[in-house]
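This is coords.cif. It holds mmCIF, C-alpha atoms.
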data_work
#
loop_
_atom_site.group_PDB
_atom_site.id
_atom_site.type_symbol
_atom_site.label_atom_id
_atom_site.label_comp_id
_atom_site.auth_asym_id
_atom_site.auth_seq_id
_atom_site.Cartn_x
_atom_site.Cartn_y
_atom_site.Cartn_z
ATOM 1 C CA MET A 1 102.853 74.308 -58.396
ATOM 2 C CA LEU A 2 101.115 71.750 -56.179
ATOM 3 C CA LYS A 3 100.240 71.801 -52.487
ATOM 4 C CA VAL A 4 98.668 68.845 -50.712
ATOM 5 C CA SER A 5 97.317 69.251 -47.203
ATOM 6 C CA GLN A 6 96.066 66.453 -44.927
ATOM 7 C CA LEU A 7 95.031 64.392 -47.949
ATOM 8 C CA SER A 8 93.467 61.054 -47.132
ATOM 9 C CA LEU A 9 91.147 58.463 -48.618
ATOM 10 C CA GLU A 10 89.197 55.803 -46.770
ATOM 11 C CA ARG A 11 88.004 52.431 -47.988
ATOM 12 C CA TYR A 12 85.546 50.517 -45.819
ATOM 13 C CA PHE A 13 86.046 53.186 -43.130
ATOM 14 C CA GLN A 14 89.797 52.553 -43.026
ATOM 15 C CA PRO A 15 92.422 55.000 -44.344
ATOM 16 C CA VAL A 16 94.471 53.743 -47.283
ATOM 17 C CA PHE A 17 97.261 55.911 -45.893
ATOM 18 C CA GLN A 18 97.538 58.471 -43.125
ATOM 19 C CA PRO A 19 96.971 62.120 -44.137
ATOM 20 C CA VAL A 20 99.656 63.292 -46.570
ATOM 21 C CA ASP A 21 101.187 66.777 -46.664
ATOM 22 C CA PHE A 22 103.661 67.998 -49.270
ATOM 23 C CA SER A 23 104.317 70.745 -51.772
ATOM 24 C CA LEU A 24 105.936 70.570 -55.188
ATOM 25 C CA LYS A 25 107.549 73.474 -56.997
ATOM 26 C CA ALA A 26 108.299 74.018 -60.671
ATOM 27 C CA GLY A 27 111.506 72.201 -61.591
ATOM 28 C CA GLU A 28 111.014 69.517 -58.948
ATOM 29 C CA LEU A 29 110.383 65.776 -59.044
ATOM 30 C CA MET A 30 108.666 63.775 -56.324
ATOM 31 C CA VAL A 31 109.100 59.998 -56.234
ATOM 32 C CA ILE A 32 106.452 57.997 -54.377
ATOM 33 C CA THR A 33 107.628 54.571 -53.236
ATOM 34 C CA GLY A 34 106.233 51.798 -51.092
ATOM 35 C CA ALA A 35 105.177 48.176 -51.225
ATOM 36 C CA ASN A 36 102.221 46.926 -53.245
ATOM 37 C CA GLY A 37 99.025 47.969 -51.501
ATOM 38 C CA SER A 38 100.577 50.967 -49.763
ATOM 39 C CA GLY A 39 98.456 53.434 -51.727
ATOM 40 C CA LYS A 40 100.788 54.768 -54.441
ATOM 41 C CA THR A 41 98.289 54.371 -57.275
ATOM 42 C CA THR A 42 95.489 55.685 -55.068
ATOM 43 C CA LEU A 43 97.491 58.826 -54.281
ATOM 44 C CA ILE A 44 98.352 59.442 -57.938
ATOM 45 C CA ARG A 45 94.678 59.039 -58.896
ATOM 46 C CA LEU A 46 93.651 61.466 -56.166
ATOM 47 C CA LEU A 47 96.128 64.032 -57.501
ATOM 48 C CA ALA A 48 94.821 63.468 -61.038
ATOM 49 C CA GLY A 49 91.227 64.022 -59.917
ATOM 50 C CA ILE A 50 90.156 60.476 -60.802
ATOM 51 C CA LEU A 51 89.329 59.696 -57.171
ATOM 52 C CA THR A 52 87.739 61.961 -54.568
ATOM 53 C CA ALA A 53 89.527 62.404 -51.266
ATOM 54 C CA SER A 54 87.830 61.573 -47.988
ATOM 55 C CA SER A 55 89.522 64.567 -46.387
ATOM 56 C CA GLY A 56 92.181 67.167 -47.068
ATOM 57 C CA SER A 57 92.848 69.421 -50.027
ATOM 58 C CA ILE A 58 94.818 69.644 -53.259
ATOM 59 C CA SER A 59 95.789 73.065 -54.587
ATOM 60 C CA SER A 60 97.431 73.288 -58.012
ATOM 61 C CA SER A 61 98.669 76.265 -59.991
ATOM 62 C CA ALA A 62 99.572 74.097 -62.997
ATOM 63 C CA THR A 63 97.778 75.249 -66.126
ATOM 64 C CA SER A 64 97.664 71.667 -67.414
ATOM 65 C CA THR A 65 98.351 68.146 -66.151
ATOM 66 C CA ALA A 66 99.324 64.926 -67.937
ATOM 67 C CA TYR A 67 98.435 61.592 -66.339
ATOM 68 C CA LEU A 68 99.847 58.188 -67.245
ATOM 69 C CA GLY A 69 98.346 55.248 -65.380
ATOM 70 C CA HIS A 70 98.320 51.477 -65.627
ATOM 71 C CA ALA A 71 95.775 51.601 -68.461
ATOM 72 C CA LEU A 72 97.740 53.140 -71.327
ATOM 73 C CA ALA A 73 94.711 54.483 -73.248
ATOM 74 C CA ILE A 74 96.051 53.359 -76.615
ATOM 75 C CA LYS A 75 93.673 52.655 -79.491
ATOM 76 C CA GLU A 76 94.432 49.089 -80.527
ATOM 77 C CA ASP A 77 93.491 49.404 -84.216
ATOM 78 C CA LEU A 78 95.544 52.550 -84.765
ATOM 79 C CA SER A 79 99.273 52.549 -85.409
ATOM 80 C CA ALA A 80 101.721 54.212 -83.038
ATOM 81 C CA LEU A 81 101.891 57.124 -85.465
ATOM 82 C CA GLN A 82 98.106 57.431 -85.639
ATOM 83 C CA ASN A 83 97.767 57.214 -81.854
ATOM 84 C CA LEU A 84 100.227 60.065 -81.409
ATOM 85 C CA ARG A 85 98.640 62.122 -84.178
ATOM 86 C CA PHE A 86 95.240 61.714 -82.485
ATOM 87 C CA VAL A 87 96.652 62.959 -79.167
ATOM 88 C CA ALA A 88 98.305 65.967 -80.808
ATOM 89 C CA GLU A 89 95.154 66.950 -82.692
ATOM 90 C CA PHE A 90 92.931 66.386 -79.651
ATOM 91 C CA ASN A 91 95.143 68.752 -77.648
ATOM 92 C CA GLY A 92 94.919 71.499 -80.236
ATOM 93 C CA GLY A 93 97.999 71.096 -82.365
ATOM 94 C CA PHE A 94 101.498 69.780 -82.686
ATOM 95 C CA LYS A 95 103.975 70.883 -80.041
ATOM 96 C CA THR A 96 106.746 69.142 -81.967
ATOM 97 C CA SER A 97 107.218 66.799 -84.919
ATOM 98 C CA ILE A 98 105.591 63.392 -84.424
ATOM 99 C CA GLU A 99 108.390 61.779 -86.430
ATOM 100 C CA LEU A 100 110.912 63.307 -84.010
ATOM 101 C CA VAL A 101 108.906 62.016 -81.044
ATOM 102 C CA LEU A 102 108.704 58.523 -82.549
ATOM 103 C CA ARG A 103 112.466 58.542 -83.029
ATOM 104 C CA GLN A 104 113.125 59.742 -79.480
ATOM 105 C CA ALA A 105 110.804 57.055 -78.111
ATOM 106 C CA GLY A 106 112.493 54.345 -80.191
ATOM 107 C CA LEU A 107 109.329 53.613 -82.200
ATOM 108 C CA SER A 108 110.317 54.643 -85.724
ATOM 109 C CA ARG A 109 110.672 51.034 -86.889
ATOM 110 C CA VAL A 110 107.160 50.093 -85.722
ATOM 111 C CA ALA A 111 105.464 53.449 -86.321
ATOM 112 C CA HIS A 112 102.963 52.048 -88.835
ATOM 113 C CA GLN A 113 102.093 48.814 -87.010
ATOM 114 C CA PRO A 114 98.705 48.524 -85.286
ATOM 115 C CA ALA A 115 99.133 49.041 -81.555
ATOM 116 C CA ARG A 116 97.706 45.571 -80.861
ATOM 117 C CA THR A 117 100.783 44.033 -82.528
ATOM 118 C CA LEU A 118 103.281 45.931 -80.379
ATOM 119 C CA SER A 119 105.067 44.425 -77.397
ATOM 120 C CA ALA A 120 104.214 45.603 -73.876
ATOM 121 C CA GLY A 121 107.376 47.711 -73.836
ATOM 122 C CA GLN A 122 106.605 49.322 -77.193
ATOM 123 C CA ARG A 123 103.081 50.115 -76.055
ATOM 124 C CA LYS A 124 104.461 51.768 -72.914
ATOM 125 C CA ARG A 125 106.877 53.792 -75.077
ATOM 126 C CA CYS A 126 103.932 54.923 -77.208
ATOM 127 C CA ALA A 127 102.088 56.096 -74.099
ATOM 128 C CA LEU A 128 105.196 57.875 -72.807
ATOM 129 C CA ALA A 129 105.710 59.560 -76.183
ATOM 130 C CA ARG A 130 102.406 61.382 -75.682
ATOM 131 C CA LEU A 131 104.072 63.412 -72.945
ATOM 132 C CA LEU A 132 106.250 65.052 -75.589
ATOM 133 C CA LEU A 133 103.238 66.153 -77.608
ATOM 134 C CA VAL A 134 101.355 68.049 -74.901
ATOM 135 C CA SER A 135 102.370 71.164 -73.022
ATOM 136 C CA ALA A 136 101.507 69.920 -69.542
ATOM 137 C CA GLN A 137 103.267 71.623 -66.643
ATOM 138 C CA LEU A 138 102.605 68.788 -64.192
ATOM 139 C CA TRP A 139 103.181 65.097 -64.955
ATOM 140 C CA LEU A 140 101.590 62.380 -62.826
ATOM 141 C CA LEU A 141 103.142 59.035 -63.745
ATOM 142 C CA ASP A 142 102.109 55.741 -62.184
ATOM 143 C CA GLU A 143 104.730 52.996 -62.647
ATOM 144 C CA PRO A 144 106.281 54.522 -65.807
ATOM 145 C CA TYR A 145 109.194 52.032 -65.706
ATOM 146 C CA SER A 146 107.072 48.871 -65.852
ATOM 147 C CA ASN A 147 107.452 46.638 -68.947
ATOM 148 C CA LEU A 148 110.525 48.565 -70.119
ATOM 149 C CA ASP A 149 114.012 47.295 -70.895
ATOM 150 C CA GLN A 150 117.104 49.219 -69.810
ATOM 151 C CA GLU A 151 116.921 51.490 -72.850
ATOM 152 C CA GLY A 152 113.289 52.272 -72.076
ATOM 153 C CA ILE A 153 114.125 52.989 -68.430
ATOM 154 C CA GLU A 154 116.776 55.445 -69.576
ATOM 155 C CA LEU A 155 114.186 57.042 -71.874
ATOM 156 C CA VAL A 156 111.895 57.734 -68.892
ATOM 157 C CA ASP A 157 114.801 59.288 -66.973
ATOM 158 C CA GLU A 158 115.662 61.467 -69.958
ATOM 159 C CA LEU A 159 112.052 62.622 -70.312
ATOM 160 C CA LEU A 160 111.895 63.531 -66.624
ATOM 161 C CA ILE A 161 115.181 65.432 -66.738
ATOM 162 C CA GLN A 162 114.042 67.311 -69.832
ATOM 163 C CA HIS A 163 110.684 68.148 -68.264
ATOM 164 C CA VAL A 164 111.851 69.424 -64.883
ATOM 165 C CA SER A 165 114.865 71.276 -66.300
ATOM 166 C CA GLY A 166 112.399 73.129 -68.538
ATOM 167 C CA GLY A 167 110.416 74.310 -65.507
ATOM 168 C CA GLY A 168 107.877 71.516 -65.297
ATOM 169 C CA ALA A 169 107.152 69.342 -62.273
ATOM 170 C CA ALA A 170 106.529 65.617 -62.004
ATOM 171 C CA ILE A 171 105.320 63.020 -59.539
ATOM 172 C CA VAL A 172 106.342 59.410 -60.181
ATOM 173 C CA ALA A 173 104.982 56.390 -58.312
ATOM 174 C CA THR A 174 107.173 53.296 -58.495
ATOM 175 C CA HIS A 175 107.840 50.118 -56.559
ATOM 176 C CA GLY A 176 110.527 48.744 -58.862
ATOM 177 C CA GLU A 177 114.234 48.634 -58.220
ATOM 178 C CA HIS A 178 114.974 51.591 -60.480
ATOM 179 C CA ARG A 179 114.305 55.075 -59.219
ATOM 180 C CA PRO A 180 115.145 58.323 -61.002
ATOM 181 C CA GLN A 181 117.951 60.398 -59.528
ATOM 182 C CA LEU A 182 117.496 64.093 -60.251
ATOM 183 C CA GLU A 183 119.118 67.066 -58.566
ATOM 184 C CA ARG A 184 115.856 68.594 -57.368
ATOM 185 C CA GLN A 185 114.074 65.499 -56.135
ATOM 186 C CA ARG A 186 112.037 64.600 -53.074
ATOM 187 C CA ASP A 187 110.834 61.206 -51.878
ATOM 188 C CA LEU A 188 107.517 60.237 -50.331
ATOM 189 C CA PHE A 189 107.481 56.762 -48.809
ATOM 190 C CA LEU A 190 104.052 55.224 -48.231
ATOM 191 C CA LEU A 191 103.118 52.388 -45.917
ATOM 192 C CA ALA A 192 99.611 51.013 -45.754
ATOM 193 C CA GLY A 193 98.030 53.444 -43.319
ATOM 194 C CA PHE A 194 101.170 55.596 -42.937
ATOM 195 C CA ALA A 195 103.198 58.092 -45.009
ATOM 196 C CA THR A 196 106.556 59.772 -44.414
ATOM 197 C CA ASP A 197 107.943 62.690 -46.438
ATOM 198 C CA GLU A 198 111.739 62.415 -46.612
#
Could I get this structure in the form of structure tokens?
Amino acid sequence: MLKVSQLSLERYFQPVFQPVDFSLKAGELMVITGANGSGKTTLIRLLAGILTASSGSISSSATSTAYLGHALAIKEDLSALQNLRFVAEFNGGFKTSIELVLRQAGLSRVAHQPARTLSAGQRKRCALARLLLVSAQLWLLDEPYSNLDQEGIELVDELLIQHVSGGGAAIVATHGEHRPQLERQRDLFLLAGFATDE
């Protein structure tokens, strides 16, 4: 579904990380780890097309991609329900019931509250819930576990398991203690200026 060859990006004539090579198949998860400043977010943004590589190539056969970054792209004056309804309508229809998605994300109780009144964890859950409303084959998730309690962390794991077991693929960047543990999983460890595919 995704093939990356000799991918690199330079800042001030210095590589953020050494050229990266990997491939990702349908039904697989890749977890990118490394210390702060090692280039995890940069790599995710390159894969999402937000940044332009200095060298190398990205080849994707995914018909659609979902990206979740540090900025959650939530409309502050809309409720969680309205935010999710907007996403569903923008993407051409409802893949599943929004009420069901709100329940799965643990947001039913606050569904009608303006997003600006939600906690950081609830806002992250709202952003994650969007993944259930779009039919994206490839997920690119940057720090999806941040601001979440244990129940929220388990929600992310459940979403990933559901996605890859259904034939999707996902790339997750994380530097926290928790890392997903799926059967078909590969790890990419980044160091500032270096990368190793385990």
>> When you count all atoms listed in the file, which of these residues is closest to A:Glu10: A:Ala136, A:Asn36, A:Leu43, A:Phe22?
In response: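 Among the listed residues, A:Leu43 lies closest to A:Glu10.
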> Could you write out as a list of chain:residue names the residues that the PyMOL selection byres ((chain A and resi 25) around 8) matches in the shown file?
Replying inline: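 After applying the PyMOL selection byres ((chain A and resi 25) around 8), what remains is A:Met1, A:Leu2, A:Ser23, A:Leu24, A:Ala26, A:Gly27, A:Glu28, A:Ala169.
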>> My list of candidates is A:Arg179, A:Lys75, A:Arg85, A:Arg123. Which is closest to A:Leu160 when distances are computed with only C-alpha atoms?
In response: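 Selected residue with least distance to A:Leu160: A:Arg179.
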>> I need the residue nearest A:Ala66 from this list: A:Ala88, A:Leu141, A:Leu107, A:Leu7. Use only C-alpha atoms for the distance.
In response: A:Leu141
Produce the centre coordinates and the three edge lengths, each in Å to one decimal, of the box along x, y and z that contains all listed atoms of stretch 176-189 of chain A with 4 Å added on each side, as lines of an AutoDock Vina configuration file.
center_x = 113.3
center_y = 58.6
center_z = -54.9
size_x = 19.6
size_y = 28.0
size_z = 20.2
> Within 7 Å of A:Gln137, counting only C-alpha atoms, which residues qualify if same-chain residues fewer than 2 places away don't, as a list of chain:residue names?
Replying inline: A:Ala62, A:Thr63, A:Ser64, A:Thr65, A:Ser135, A:Trp139, A:Gly168, A:Ala169
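The two atoms in question, atom CA of A:Ala173 and atom CA of A:Gln14, are spaced 21.9 Å apart.
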Residues within 7 Å of A:Ile58, please, as an mmCIF file with C-alpha atoms, keeping the file's coordinate frame. Count all atoms listed in the file; anything in the same chain fewer than 6 positions from it doesn't count.
data_model
loop_
_atom_site.group_PDB
_atom_site.id
_atom_site.type_symbol
_atom_site.label_atom_id
_atom_site.label_comp_id
_atom_site.auth_asym_id
_atom_site.auth_seq_id
_atom_site.Cartn_x
_atom_site.Cartn_y
_atom_site.Cartn_z
ATOM 1 C CA LYS A 3 100.240 71.801 -52.487
ATOM 2 C CA VAL A 4 98.668 68.845 -50.712
ATOM 3 C CA SER A 5 97.317 69.251 -47.203
#
Extract, using only C-alpha atoms, all DNA, RNA and protein residues at most 10 Å from A:Glu143, discarding same-chain residues fewer than 6 positions from it, and format them as a PDB file with C-alpha atoms, keeping the file's coordinate frame.
ATOM      1  CA  ILE A  32     106.452  57.997 -54.377  1.00  0.00           C
ATOM      2  CA  THR A  33     107.628  54.571 -53.236  1.00  0.00           C
ATOM      3  CA  LYS A  40     100.788  54.768 -54.441  1.00  0.00           C
ATOM      4  CA  THR A  41      98.289  54.371 -57.275  1.00  0.00           C
ATOM      5  CA  LEU A  68      99.847  58.188 -67.245  1.00  0.00           C
ATOM      6  CA  GLY A  69      98.346  55.248 -65.380  1.00  0.00           C
ATOM      7  CA  HIS A  70      98.320  51.477 -65.627  1.00  0.00           C
ATOM      8  CA  VAL A 172     106.342  59.410 -60.181  1.00  0.00           C
ATOM      9  CA  ALA A 173     104.982  56.390 -58.312  1.00  0.00           C
ATOM     10  CA  THR A 174     107.173  53.296 -58.495  1.00  0.00           C
ATOM     11  CA  HIS A 175     107.840  50.118 -56.559  1.00  0.00           C
ATOM     12  CA  GLY A 176     110.527  48.744 -58.862  1.00  0.00           C
TER      13      GLY A 176
END
> How many Å lie between atom CA of A:Val156 and atom CA of A:Leu128, rounded to one decimal?
Replying inline: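 Computing the Euclidean distance for atom CA of A:Val156 and atom CA of A:Leu128 yields 7.8 Å.
One finds atom CA of A:Ser165 at 18.8 Å from atom CA of A:Pro144.
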>> When you count only C-alpha atoms, which of these residues is closest to A:Val134: A:Gln6, A:Gln122, A:Gln185, A:Asn91?
In response: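 Residue with the minimum atom-to-atom distance to A:Val134: A:Asn91.
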>> Can you pull out the residues contacting A:Ser97? Cut-off 10 Å, using all atoms listed in the file, and skip same-chain residues under 2 positions away; I want them as a list in words.
In response: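 Close residues of A:Ser97: Arg85, Ala88, Phe94, Lys95, Glu99, Leu100, Val101, Leu102, Arg103, Leu132 and Leu133 of chain A.
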>> Starting from the PyMOL selection byres ((chain A and resi 49-56) around 6), expand the selection into actual residues of this file and give them as a VMD selection string.
In response: chain A and resid 5 to 9 45 to 48 57
>> Can you tell me which residues surround stretch 111-113 of chain A at a distance of at most 8 Å, considering all atoms listed in the file, apart from same-chain residues fewer than 6 positions away, and format the answer as a list in words?
In response: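 Surrounding residues, per the criterion: Leu78, Ser79, Ala80, Leu81, Gln82 and Leu102 of chain A.
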Selected residues written out, C-alpha atoms, as a PDB file, in the frame of the given file:
ATOM      1  CA  LEU A  78      95.544  52.550 -84.765  1.00  0.00           C
ATOM      2  CA  SER A  79      99.273  52.549 -85.409  1.00  0.00           C
ATOM      3  CA  ALA A  80     101.721  54.212 -83.038  1.00  0.00           C
ATOM      4  CA  LEU A  81     101.891  57.124 -85.465  1.00  0.00           C
ATOM      5  CA  GLN A  82      98.106  57.431 -85.639  1.00  0.00           C
ATOM      6  CA  LEU A 102     108.704  58.523 -82.549  1.00  0.00           C
TER       7      LEU A 102
END
> Between A:Gln150, A:Ser60, A:Glu76, A:Gly166, which one has atoms that come closest to A:Arg116, using only C-alpha atoms?
Replying inline: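 Comparing A:Gln150, A:Ser60, A:Glu76, A:Gly166 against A:Arg116, the winner is A:Glu76.
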> Which residue out of A:Ser38, A:Thr117, A:Arg130, A:Ser61 has the minimum interatomic distance to A:Ala73 when all atoms listed in the file are used?
Replying inline: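 So, comparing all the options, the nearest one is A:Arg130.
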Given the file shown, enumerate the residues that the PyMOL selection byres ((chain A and resi 154) around 12) captures and present them as an mmCIF file with C-alpha atoms, keeping the file's coordinate frame.
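selection.cif, written as the output of this step:
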data_model
loop_
_atom_site.group_PDB
_atom_site.id
_atom_site.type_symbol
_atom_site.label_atom_id
_atom_site.label_comp_id
_atom_site.auth_asym_id
_atom_site.auth_seq_id
_atom_site.Cartn_x
_atom_site.Cartn_y
_atom_site.Cartn_z
ATOM 1 C CA GLN A 104 113.125 59.742 -79.480
ATOM 2 C CA ALA A 105 110.804 57.055 -78.111
ATOM 3 C CA GLY A 106 112.493 54.345 -80.191
ATOM 4 C CA ARG A 125 106.877 53.792 -75.077
ATOM 5 C CA PRO A 144 106.281 54.522 -65.807
ATOM 6 C CA TYR A 145 109.194 52.032 -65.706
ATOM 7 C CA LEU A 148 110.525 48.565 -70.119
ATOM 8 C CA ASP A 149 114.012 47.295 -70.895
ATOM 9 C CA GLN A 150 117.104 49.219 -69.810
ATOM 10 C CA GLU A 151 116.921 51.490 -72.850
ATOM 11 C CA GLY A 152 113.289 52.272 -72.076
ATOM 12 C CA ILE A 153 114.125 52.989 -68.430
ATOM 13 C CA LEU A 155 114.186 57.042 -71.874
ATOM 14 C CA VAL A 156 111.895 57.734 -68.892
ATOM 15 C CA ASP A 157 114.801 59.288 -66.973
ATOM 16 C CA GLU A 158 115.662 61.467 -69.958
ATOM 17 C CA LEU A 159 112.052 62.622 -70.312
ATOM 18 C CA LEU A 160 111.895 63.531 -66.624
ATOM 19 C CA ILE A 161 115.181 65.432 -66.738
ATOM 20 C CA HIS A 178 114.974 51.591 -60.480
ATOM 21 C CA ARG A 179 114.305 55.075 -59.219
ATOM 22 C CA PRO A 180 115.145 58.323 -61.002
ATOM 23 C CA GLN A 181 117.951 60.398 -59.528
#
